[in-house]
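Enquirer: The structure is given below, and queries will be raised subsequently.
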Amino acid sequence: MINAVLVFNNNGQPRLTKFYTQLDTQTQQSLIAQIYQLVAQRPASACNFLPLPPLLSQGASSGASGPSDAPTQITYRTYATLSFIMISTSMESPLALIDLIQVFVESLDRMFENVCELDLIFGYETMHAVLSEMIVGGVVVETNTERIVAGVRNQEGSAGKRKAVQAASSGLGRGALPSLGAWR
Amino acid sequence: MFEKSLYDLIKGLRNHKGGEDEYVQACLRECKAEIKLQDIDKKATALLKLIYLEMFGFDMSWASFHVLEVMSSPKYLQKRVGYLGAVQSFRPDTEVLMLATNMLKKDIVSPNILTLSLPLATLPHIITPSLAMSLLPDILSRLSHSSAVVRKKSIVCLYRLALVYPDALKLAWPKIQDHLMDEQEDSSVTTAAINVICELGWRRPHDFLPMAPRFFELLVDSGNNWMAIKIIKLFATLTPLEPRLTRKLLRPLTNIIQTTTAMSLLYECINGIIQGGILDGEDNVQERDEVAALCIGKLRGMIVMDSDPNLKYVALLALNRIVTTHSMLVSMQQDVIMDCLDDLDVSIRLQALELAAGMVTSDTLQAVVNRLFSQLQLASSQDSPDSGAVSIPDDEESENWKGSSGVVDALNMPNNYRSEVIHRILDICSQNNYSDVVDFEWYVGILVQLIRLLPPSEVHDYGHDPSSGGPEGSTGGRATVASRIGSEIRSIAVRVKGVRLEATRAAESLLLVDNRSMLFPASSNVGDDVLGPIAWVAGEYADHLQSPSRTLQSLIDSSTLSLPPNTLQLFLQAIPKVLIQVNQSCEMKEAWKSELSLLLARVLDFLDALAAHPDLDVQERAIEFLEVLRLGAESLQSETEGVPFLLASVIPNLFAGLELNPVAASAQKRVMFPPDLHLDEAFNDDLPGLFQGLGETTQHHVIQQFYHVADISPPSHKLPQPHEQLTAAEIQLDASYQNSLGLTADYPGTVDKRKVYRKERYRDDPFYIAPLDPSSGMSTPHHDAPHASSGDALDIDSIPIVDLKLDDDSIRRGRRDTLGSRRVHTAAKMEVAADETFGSEESVALSHSAKAGGPGLKRSLLQVDSSGLGHLAGANDGQSPGLTGGEEDTEMRKAMQNVEQMRLRMQRASERIELEGTPAEGTLVKKKKGKKGKKGQATDQSGDTKRKKKKHTSE
């Protein structure tokens, strides 16, 4: 199963945190910081899998063979200024997770029309809605972009998009954003 | 009053760059006021802002009641905010959840699909057993909802319910099964069901075997890659149970492997074949070989095709899984795997490293290690031009990456990777008690050179506290690289007699102060951890030393004083041993006497400096040897010709006994406590009373007397005298010291006196080997045991160590060697002594794992505990739950579950304690640095072994 989905930008500021198990805020923050550390070190040419950060490797059993409940895989993917991270157990396929992140981003792109970091900051609630159409309780329930977007649109009517447009047209943040691709 | 919207908050945050903290605090205060207002709109807005801030670590647990209020809002979008708040902020200790049951019930059965989806998506995050019990019927009814979205979410929700409340599965499983079997069912619902079964599958594979035909059908016909991947994963857990499945699966899987264009599906097919053990059977060998060749060929292709690092990584991952069972097949791919060791990507390199470690044989070991070694050398030679710069700045690093396309010398070697490589080299060589190492001289050479290549700082990049790490401290449960290298040299010296000379010489060269700048990494003291074990080697095998006097001078060099306590302890132990060696080797010379007394004076100076060391162990050993050697120095002055008896025989005999053999770490634990040893009982209950009766003047007098008397006369004559004067009260004083009521440690007299007391008290104790026996005055009772007079209190048979039953053949062999049958090893393969232990090896491992169970049982972060499902009897025959186990069993299981729940609750409670110090609101939660508890455990254990070591050396 998927244990957590995280999104943060290239400064390590969280943009979305979703933990499918209850975890105190303190530990959440240090876990995010540790994973950011790992992601930040990696060049664009590197593969999309991270070694376990100290917080996670402590509890993981050494016997990697065979399935278990412990999260053992961290898959990440970076788009412009944002990094998307999925922490999962060995029951998820690593390559499929990369695709799942892609589906997530594509769905966001459909929701916000040319999504950028700023959209996600202001459309923060919508982002959560998109994710909960895809993953419930750590289990993937939908991988079809159409249906995901339709599900969220149903919830929000035009509200979600309006918010994003409002934010985008306000012109306060666009300039402040680091130019696309500066990170990678 | 004008409330901020989330939009305003974010805008404000961006406008307060630098002063965010104050701004956030102000906002939190506003939110706190707003959320208490009656207006539900304002409440919801405030909550949304709080959720946003929670993401950055600002606690909002205090608002949980308000979350419930917003959840019950009639407006959908507000309700959604409320549910989001619950997902993000409810923790296991959130108590208001009990109040929400009715509202959740109402929302689940809502006619509005949107509304009813909210609790379905939220419950997995907040579910508790009692909540699960009361909501189960409602969620079950949602399984037959007309909307596919609701059905699939309900299935998943039920899965999470079953995790905390396993009985839910009994009721839910037949229905989920129906959905799965229904061919008319919406494909997304089927996929969700498969995903859930996949999670359940490895826990209860037997329950899903009957459904294999349906899975098979879905795999072949569905054409949905997402689902196919999951089904293959599921089959990998089923095939070990049903051999016939393998035969059936082989063809479709081969077919997919050959035809699919989706790399993820291809990879999972190969992985499924490997993990499902499809390659393992005996029958149909030819077909299996073909499949194996096909899989390995595809994996090789994934590695060679260097366009996609992800494929390279997962291919190595798959090879790592196969290496234990099919090492031959994997080692045929050695060439590409070795190339991956030079890959630019650290993740790939780490996988390749693990693979290399799994695949070495005695033939390939040297090549693999040499390759890793030269990699390290290259990396460190790159460091040195930067004038010892510890880390290359990030941007420079990434330039390196881009600039070089596959050139080895641009390899990025972060320090923790370097220490990982060294760890692996040591793992590779030491596995199976060095069975793969052919040339031990080469190994010793490698070890010595590795010290030079130690990464500049072993502190982990991510927040391990360097100060609390300590020399024996662990990074992630392992000893530091440096101390491991030291232990390896010691281990080789002890186990492999054939290279003992070389190992001792190596230790000697490392110890010499003049060599340190050359052999140890520059500009840091990471190498210091090596020194302890090698000092022990130099001391124990002092007869192999090339120049004992130079070694001794290095041991008592002034720089030694600043070493960490546990290194110093080992140094102290080595000093007298080397001194004896110097003494013996210089007896021939003319001026031996003046030389010796000079040397003795220097050693005494050194020990004197340590006599007040803050570490008690160091202090005690220093004083112990100080006293003994003082006696030696005095006897040297009084004796006119020849070496005094004390120096020539008595002191050397302290250290010359049976040869030390490697002892298994668990052996000490198996030594039985004698039944009449009561460590928990107080010597005397009336401790304060004894203190009152104690005259201060006599106490002072006694201490003073001890301190001075000890200087003049040898302890053998002195001992009885103070003993007579001692009242019981003063012995109690000793006990009170340990209760830290009385005297302080840094008063040298106390220590001295304590030592004498202890010597006296332990004289007849079989567990304590007194350095000097007052009755014989020349040798330790242990070595003289056979000659000891029969009436002596020392009863050798009561020493459990003598009773060891050595079952293991290899041990017996090793034992025979040491006891002097003197077999000569001419074979090229050197004999390596195995760990000594007694009792059966399995139970050792068992007790060991039970011991490790303490920290090991601790769940990993983020982990969902599905173990409850494993205990549940027959979800499949749902109607007759109790039949398989019998009533007692069910009861037992329930009790076990209760215990488990209690344990978890207590664990959580203990984890929460840290949080309580912080105010409920408005605090930015500090990032936690590492975990301390683990460390304590580790040092504790290493302390154990150390104690044992000490026991040995003092024999």
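Just remember, in the structure tokens the first chain shown is A, the second B, etc., residues are 1-based per chain, and ligands are 1-based in the order shown.
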Need to verify the contact set: Ile446 (chain B), 12 Å, only C-alpha atoms, exclusion of same-chain residues closer than 4 positions in sequence. Can you return it as a list in words?
Expert: Gln366, Val369, Asn370, Arg371, Leu372, Phe373, Ser374, Leu376, Gln377, Ile422, Ile425, Leu426, Cys429, Asp439, Phe440, Glu441, Trp442, Leu450, Ile451, Arg452, Leu453, Ile485, Glu488, Ile489, Ala503 and Ala506 of chain B
Enquirer: I need the chain A residues near chain B as a ChimeraX atom specification; criterion: at most 6 Å, counting only C-alpha atoms.
Expert: /A:3,20-22,25-26,30,46-47,56,59-60,69-70,95-96,136-137,141
Enquirer: May I have the residues from that selection written out with C-alpha atoms, as an mmCIF file, in the first residue's frame?
Expert:
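Produced file result.cif, reproduced below:
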```cif
data_model
loop_
_atom_site.group_PDB
_atom_site.id
_atom_site.type_symbol
_atom_site.label_atom_id
_atom_site.label_comp_id
_atom_site.auth_asym_id
_atom_site.auth_seq_id
_atom_site.Cartn_x
_atom_site.Cartn_y
_atom_site.Cartn_z
ATOM 1 C CA ASN A 3 1.912 5.019 3.126
ATOM 2 C CA TYR A 20 -2.202 7.227 5.398
ATOM 3 C CA THR A 21 -1.308 6.357 8.943
ATOM 4 C CA GLN A 22 -1.596 8.658 11.899
ATOM 5 C CA THR A 25 3.116 16.509 13.398
ATOM 6 C CA GLN A 26 6.614 16.637 14.748
ATOM 7 C CA SER A 30 11.246 15.687 10.316
ATOM 8 C CA ALA A 46 19.468 9.929 -11.358
ATOM 9 C CA CYS A 47 16.804 7.302 -11.048
ATOM 10 C CA LEU A 56 12.217 4.986 8.095
ATOM 11 C CA GLY A 59 12.056 0.352 11.846
ATOM 12 C CA ALA A 60 12.483 -1.515 8.599
ATOM 13 C CA ASP A 69 3.824 -3.882 6.345
ATOM 14 C CA ALA A 70 6.887 -1.715 6.589
ATOM 15 C CA LEU A 95 7.598 1.519 -11.937
ATOM 16 C CA ALA A 96 3.833 1.721 -11.593
ATOM 17 C CA VAL A 136 -8.207 6.041 -0.505
ATOM 18 C CA GLY A 137 -6.627 4.807 2.671
ATOM 19 C CA VAL A 141 -8.811 3.359 -6.446
#
```
Enquirer: So, counting only C-alpha atoms, which residue among A:Ala80, A:Val39, A:Leu23, A:Val5 is closest to Leu118 (chain A)?
Expert: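 Under the stated criterion, the closest residue is A:Ala80.
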Enquirer: What lies within 8 Å of Ser88 (chain A) using only C-alpha atoms, ignoring chain neighbours under 4 positions off, as a PyMOL selection string?
Expert: chain A and resi 1-4+71-74+92
Enquirer: Rounded to one decimal place, report the CA of Gln431 (chain B)-CA of Gln668 (chain B) distance in Å.
Expert: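 Taking CA of Gln431 (chain B) as the start and CA of Gln668 (chain B) as the end point, the length is 22.5 Å.
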Enquirer: Mind checking which residues fall within 7 Å of Ile35 (chain B), counting only C-alpha atoms, ignoring those fewer than 4 positions away in the same chain, and posting them as a CSV table (one decimal) with C-alpha atoms, in the first residue's frame?
Expert:
```csv
chain,number,residue,atom,x,y,z
B,31,CYS,CA,-7.9,31.7,13.8
B,42,LYS,CA,-16.0,31.8,9.6
B,43,LYS,CA,-15.4,28.6,11.4
B,46,ALA,CA,-10.5,29.5,10.0
B,47,LEU,CA,-10.2,25.7,9.9
B,66,HIS,CA,-14.0,22.5,16.0
```
Enquirer: Near Thr567 (chain B), counting only C-alpha atoms, which residues have an atom at most 9 Å away, once you skip same-chain residues fewer than 6 positions from it, shown as number ranges by chain?
Expert: B: 471, 528-533, 535
Enquirer: Among the residues of region 238-365 of chain B, find those DSSP assigns to alpha helix (DSSP H) from the backbone and print them as a compact mmCIF listing (two decimals) with N, CA and C atoms, in the first residue's frame.
Expert:
```txt
# COMPACT_ATOMS: atom_id res chain seq x y z
N LEU B 238 0.88 -16.53 -4.04
CA LEU B 238 0.06 -17.74 -4.07
C LEU B 238 0.82 -18.97 -4.58
N PRO B 243 1.67 -25.62 -6.34
CA PRO B 243 2.64 -25.83 -7.43
C PRO B 243 1.98 -25.88 -8.80
N ARG B 244 0.72 -26.34 -8.85
CA ARG B 244 0.08 -26.45 -10.16
C ARG B 244 -0.09 -25.08 -10.81
N LEU B 245 -0.20 -24.04 -9.96
CA LEU B 245 -0.36 -22.69 -10.50
C LEU B 245 0.83 -22.29 -11.35
N THR B 246 2.00 -22.70 -10.91
CA THR B 246 3.20 -22.29 -11.64
C THR B 246 3.12 -22.75 -13.09
N ARG B 247 2.71 -24.00 -13.24
CA ARG B 247 2.67 -24.55 -14.59
C ARG B 247 1.70 -23.74 -15.45
N LYS B 248 0.60 -23.39 -14.81
CA LYS B 248 -0.42 -22.66 -15.56
C LYS B 248 0.04 -21.24 -15.90
N LEU B 249 0.78 -20.66 -14.97
CA LEU B 249 1.17 -19.25 -15.14
C LEU B 249 2.33 -19.08 -16.11
N LEU B 250 3.13 -20.10 -16.21
CA LEU B 250 4.39 -19.97 -16.93
C LEU B 250 4.17 -19.42 -18.34
N ARG B 251 3.19 -20.02 -19.03
CA ARG B 251 2.99 -19.62 -20.42
C ARG B 251 2.50 -18.19 -20.55
N PRO B 252 1.40 -17.81 -19.86
CA PRO B 252 0.94 -16.42 -20.03
C PRO B 252 2.00 -15.40 -19.60
N LEU B 253 2.74 -15.71 -18.56
CA LEU B 253 3.76 -14.76 -18.12
C LEU B 253 4.86 -14.62 -19.17
N THR B 254 5.29 -15.75 -19.71
CA THR B 254 6.30 -15.68 -20.78
C THR B 254 5.76 -14.88 -21.94
N ASN B 255 4.50 -15.12 -22.21
CA ASN B 255 3.87 -14.42 -23.31
C ASN B 255 3.91 -12.91 -23.08
N ILE B 256 3.55 -12.51 -21.87
CA ILE B 256 3.57 -11.07 -21.57
C ILE B 256 4.99 -10.53 -21.68
N ILE B 257 5.93 -11.28 -21.13
CA ILE B 257 7.32 -10.81 -21.16
C ILE B 257 7.77 -10.58 -22.59
N GLN B 258 7.35 -11.48 -23.46
CA GLN B 258 7.83 -11.37 -24.84
C GLN B 258 7.10 -10.29 -25.63
N THR B 259 5.85 -10.00 -25.26
CA THR B 259 5.08 -9.11 -26.12
C THR B 259 4.86 -7.72 -25.57
N MET B 263 7.02 -1.35 -19.74
CA MET B 263 8.16 -1.81 -18.97
C MET B 263 7.75 -2.23 -17.56
N SER B 264 6.79 -1.48 -16.98
CA SER B 264 6.40 -1.81 -15.61
C SER B 264 5.81 -3.21 -15.54
N LEU B 265 4.99 -3.55 -16.55
CA LEU B 265 4.38 -4.88 -16.56
C LEU B 265 5.45 -5.95 -16.79
N LEU B 266 6.34 -5.66 -17.73
CA LEU B 266 7.44 -6.61 -18.00
C LEU B 266 8.24 -6.88 -16.73
N TYR B 267 8.57 -5.79 -16.07
CA TYR B 267 9.38 -5.95 -14.86
C TYR B 267 8.63 -6.75 -13.80
N GLU B 268 7.36 -6.44 -13.62
CA GLU B 268 6.61 -7.16 -12.58
C GLU B 268 6.44 -8.63 -12.93
N CYS B 269 6.36 -8.94 -14.22
CA CYS B 269 6.29 -10.34 -14.63
C CYS B 269 7.56 -11.07 -14.19
N ILE B 270 8.69 -10.47 -14.52
CA ILE B 270 9.96 -11.10 -14.15
C ILE B 270 10.05 -11.23 -12.64
N ASN B 271 9.69 -10.13 -11.99
CA ASN B 271 9.73 -10.12 -10.53
C ASN B 271 8.81 -11.18 -9.94
N GLY B 272 7.62 -11.29 -10.56
CA GLY B 272 6.67 -12.29 -10.08
C GLY B 272 7.22 -13.70 -10.24
N ILE B 273 7.88 -13.93 -11.37
CA ILE B 273 8.47 -15.26 -11.60
C ILE B 273 9.53 -15.54 -10.55
N ILE B 274 10.32 -14.53 -10.26
CA ILE B 274 11.38 -14.73 -9.27
C ILE B 274 10.80 -14.94 -7.88
N GLN B 275 9.92 -14.00 -7.49
CA GLN B 275 9.41 -14.06 -6.11
C GLN B 275 8.47 -15.22 -5.88
N VAL B 285 12.33 -29.16 -16.25
CA VAL B 285 13.54 -28.38 -16.11
C VAL B 285 13.85 -27.52 -17.34
N GLN B 286 13.61 -28.13 -18.47
CA GLN B 286 14.00 -27.41 -19.69
C GLN B 286 13.23 -26.10 -19.84
N GLU B 287 11.93 -26.19 -19.58
CA GLU B 287 11.13 -24.99 -19.74
C GLU B 287 11.54 -23.91 -18.74
N ARG B 288 11.80 -24.37 -17.53
CA ARG B 288 12.23 -23.42 -16.51
C ARG B 288 13.53 -22.73 -16.88
N ASP B 289 14.45 -23.51 -17.38
CA ASP B 289 15.72 -22.94 -17.78
C ASP B 289 15.52 -21.88 -18.85
N GLU B 290 14.61 -22.18 -19.76
CA GLU B 290 14.34 -21.19 -20.81
C GLU B 290 13.80 -19.91 -20.21
N VAL B 291 12.86 -20.08 -19.28
CA VAL B 291 12.27 -18.89 -18.66
C VAL B 291 13.32 -18.11 -17.88
N ALA B 292 14.14 -18.85 -17.14
CA ALA B 292 15.19 -18.19 -16.36
C ALA B 292 16.11 -17.40 -17.28
N ALA B 293 16.49 -18.03 -18.38
CA ALA B 293 17.37 -17.36 -19.32
C ALA B 293 16.69 -16.13 -19.90
N LEU B 294 15.40 -16.27 -20.19
CA LEU B 294 14.64 -15.14 -20.73
C LEU B 294 14.62 -13.98 -19.73
N CYS B 295 14.31 -14.31 -18.47
CA CYS B 295 14.23 -13.26 -17.44
C CYS B 295 15.57 -12.57 -17.26
N ILE B 296 16.60 -13.38 -17.08
CA ILE B 296 17.91 -12.79 -16.84
C ILE B 296 18.33 -11.96 -18.05
N GLY B 297 18.00 -12.48 -19.22
CA GLY B 297 18.34 -11.73 -20.44
C GLY B 297 17.65 -10.38 -20.47
N LYS B 298 16.38 -10.38 -20.12
CA LYS B 298 15.63 -9.11 -20.11
C LYS B 298 16.21 -8.16 -19.06
N LEU B 299 16.53 -8.71 -17.89
CA LEU B 299 17.09 -7.87 -16.83
C LEU B 299 18.42 -7.28 -17.29
N ARG B 300 19.21 -8.13 -17.92
CA ARG B 300 20.49 -7.65 -18.42
C ARG B 300 20.28 -6.51 -19.40
N GLY B 301 19.27 -6.73 -20.26
CA GLY B 301 18.95 -5.69 -21.24
C GLY B 301 18.58 -4.38 -20.56
N MET B 302 17.83 -4.50 -19.46
CA MET B 302 17.42 -3.29 -18.74
C MET B 302 18.63 -2.55 -18.16
N ILE B 303 19.63 -3.33 -17.76
CA ILE B 303 20.81 -2.69 -17.17
C ILE B 303 21.67 -2.06 -18.26
N VAL B 304 21.86 -2.82 -19.34
CA VAL B 304 22.78 -2.35 -20.37
C VAL B 304 22.23 -1.10 -21.06
N PRO B 309 17.72 5.24 -16.07
CA PRO B 309 18.28 4.77 -14.79
C PRO B 309 17.28 3.99 -13.96
N ASN B 310 15.99 4.30 -14.14
CA ASN B 310 14.99 3.58 -13.34
C ASN B 310 15.00 2.10 -13.64
N LEU B 311 15.12 1.77 -14.93
CA LEU B 311 15.13 0.36 -15.31
C LEU B 311 16.37 -0.32 -14.74
N LYS B 312 17.46 0.39 -14.80
CA LYS B 312 18.70 -0.15 -14.25
C LYS B 312 18.50 -0.49 -12.78
N TYR B 313 17.89 0.46 -12.10
CA TYR B 313 17.71 0.28 -10.66
C TYR B 313 16.81 -0.91 -10.36
N VAL B 314 15.66 -0.98 -11.02
CA VAL B 314 14.74 -2.07 -10.68
C VAL B 314 15.31 -3.41 -11.12
N ALA B 315 16.09 -3.41 -12.21
CA ALA B 315 16.70 -4.66 -12.64
C ALA B 315 17.66 -5.18 -11.58
N LEU B 316 18.44 -4.26 -11.02
CA LEU B 316 19.35 -4.66 -9.94
C LEU B 316 18.56 -5.15 -8.73
N LEU B 317 17.45 -4.47 -8.49
CA LEU B 317 16.58 -4.86 -7.38
C LEU B 317 16.13 -6.31 -7.57
N ALA B 318 15.71 -6.62 -8.80
CA ALA B 318 15.25 -7.98 -9.08
C ALA B 318 16.39 -8.98 -8.95
N LEU B 319 17.57 -8.60 -9.46
CA LEU B 319 18.72 -9.50 -9.35
C LEU B 319 19.06 -9.75 -7.88
N ASN B 320 18.90 -8.70 -7.09
CA ASN B 320 19.17 -8.86 -5.66
C ASN B 320 18.25 -9.89 -5.03
N ARG B 321 17.04 -9.97 -5.55
CA ARG B 321 16.11 -10.95 -4.99
C ARG B 321 16.48 -12.36 -5.43
N ILE B 322 17.02 -12.46 -6.60
CA ILE B 322 17.28 -13.77 -7.17
C ILE B 322 18.63 -14.30 -6.70
N SER B 327 22.50 -17.87 -7.46
CA SER B 327 23.69 -17.03 -7.52
C SER B 327 24.50 -17.32 -8.79
N MET B 328 24.40 -18.53 -9.29
CA MET B 328 25.15 -18.85 -10.51
C MET B 328 24.69 -17.98 -11.67
N LEU B 329 23.35 -17.95 -11.84
CA LEU B 329 22.80 -17.17 -12.94
C LEU B 329 23.21 -15.71 -12.83
N VAL B 330 23.20 -15.21 -11.60
CA VAL B 330 23.50 -13.80 -11.42
C VAL B 330 24.98 -13.54 -11.66
N SER B 331 25.82 -14.44 -11.17
CA SER B 331 27.24 -14.13 -11.32
C SER B 331 27.67 -14.20 -12.78
N GLN B 334 28.07 -10.79 -14.05
CA GLN B 334 28.98 -10.02 -13.22
C GLN B 334 29.51 -8.76 -13.92
N ASP B 335 29.78 -8.89 -15.21
CA ASP B 335 30.38 -7.76 -15.91
C ASP B 335 29.51 -6.51 -15.85
N VAL B 336 28.21 -6.68 -16.17
CA VAL B 336 27.36 -5.48 -16.15
C VAL B 336 27.13 -4.99 -14.73
N ILE B 337 27.06 -5.92 -13.80
CA ILE B 337 26.83 -5.51 -12.41
C ILE B 337 28.02 -4.70 -11.90
N MET B 338 29.21 -5.17 -12.24
CA MET B 338 30.39 -4.44 -11.79
C MET B 338 30.44 -3.05 -12.40
N ASP B 339 29.94 -2.93 -13.63
CA ASP B 339 29.90 -1.60 -14.23
C ASP B 339 28.97 -0.68 -13.46
N CYS B 340 27.91 -1.27 -12.92
CA CYS B 340 26.97 -0.45 -12.15
C CYS B 340 27.60 0.09 -10.88
N VAL B 346 23.84 7.26 -7.05
CA VAL B 346 24.15 6.57 -5.79
C VAL B 346 23.17 5.43 -5.51
N SER B 347 21.90 5.64 -5.81
CA SER B 347 20.92 4.58 -5.56
C SER B 347 21.30 3.32 -6.30
N ILE B 348 21.68 3.48 -7.56
CA ILE B 348 22.06 2.32 -8.38
C ILE B 348 23.32 1.69 -7.81
N ARG B 349 24.26 2.54 -7.42
CA ARG B 349 25.51 1.99 -6.88
C ARG B 349 25.25 1.19 -5.62
N LEU B 350 24.36 1.70 -4.78
CA LEU B 350 24.09 0.98 -3.54
C LEU B 350 23.49 -0.39 -3.82
N GLN B 351 22.60 -0.43 -4.80
CA GLN B 351 22.01 -1.73 -5.17
C GLN B 351 23.07 -2.67 -5.70
N ALA B 352 23.92 -2.14 -6.58
CA ALA B 352 24.97 -2.96 -7.16
C ALA B 352 25.91 -3.46 -6.08
N LEU B 353 26.14 -2.60 -5.10
CA LEU B 353 27.02 -2.97 -4.00
C LEU B 353 26.44 -4.15 -3.23
N GLU B 354 25.15 -4.07 -2.96
CA GLU B 354 24.51 -5.15 -2.24
C GLU B 354 24.58 -6.44 -3.04
N LEU B 355 24.37 -6.27 -4.33
CA LEU B 355 24.42 -7.43 -5.23
C LEU B 355 25.82 -8.02 -5.24
N ALA B 356 26.81 -7.14 -5.33
CA ALA B 356 28.19 -7.63 -5.36
C ALA B 356 28.48 -8.42 -4.09
N ALA B 357 27.97 -7.90 -2.96
CA ALA B 357 28.22 -8.61 -1.71
C ALA B 357 27.55 -9.97 -1.70
N GLY B 358 26.38 -10.06 -2.36
CA GLY B 358 25.68 -11.33 -2.37
C GLY B 358 26.30 -12.34 -3.31
N MET B 359 27.07 -11.85 -4.26
CA MET B 359 27.47 -12.73 -5.34
C MET B 359 28.91 -13.19 -5.24
N LEU B 365 36.29 -12.67 -4.88
CA LEU B 365 36.32 -11.74 -3.76
C LEU B 365 37.39 -10.66 -3.93
```
Enquirer: Find the residues around Asn11 (chain A) up to 9 Å (only C-alpha atoms counted), leave out those fewer than 3 positions away in its own chain, and share them as a list in words.
Expert: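 The filter keeps Phe8, Pro14, Tyr36, Ala40 and Thr81 of chain A.
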Enquirer: Restricting it to N, CA and C atoms, dump the selection as a short mmCIF file (atom, residue, chain, number, x, y, z; two decimals), in the first residue's frame.
Expert:
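As a result, out.cif now contains:
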```cif
data_model
loop_
_atom_site.label_atom_id
_atom_site.label_comp_id
_atom_site.auth_asym_id
_atom_site.auth_seq_id
_atom_site.Cartn_x
_atom_site.Cartn_y
_atom_site.Cartn_z
N PHE A 8 6.59 18.72 -2.20
CA PHE A 8 7.24 19.94 -1.71
C PHE A 8 7.99 20.59 -2.85
N PRO A 14 6.65 22.32 2.15
CA PRO A 14 5.61 21.36 1.79
C PRO A 14 4.47 22.04 1.04
N TYR A 36 13.39 15.50 1.87
CA TYR A 36 13.82 16.64 1.05
C TYR A 36 15.34 16.63 0.90
N ALA A 40 17.02 16.61 -2.68
CA ALA A 40 17.80 17.77 -3.09
C ALA A 40 19.19 17.38 -3.58
N THR A 81 9.29 23.05 -10.43
CA THR A 81 9.74 23.42 -9.10
C THR A 81 9.27 22.46 -8.01
#
```
Enquirer: Do you have the CA of Thr45 (chain B)-CA of Glu3 (chain B) distance handy?
Expert: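 Separation of CA of Thr45 (chain B) and CA of Glu3 (chain B): 8.7 Å.
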Enquirer: Enter the distance from CA of Val7 (chain A) to CA of Leu120 (chain A), in Å, rounded to one decimal.
Expert: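 Those two atoms sit 9.9 Å apart.
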Enquirer: Give me every strand (DSSP E or B) residue in region 469-636 of chain B, going by DSSP on the backbone, as an NGL selection string.
Expert: :B and (474-475 or 478-479)
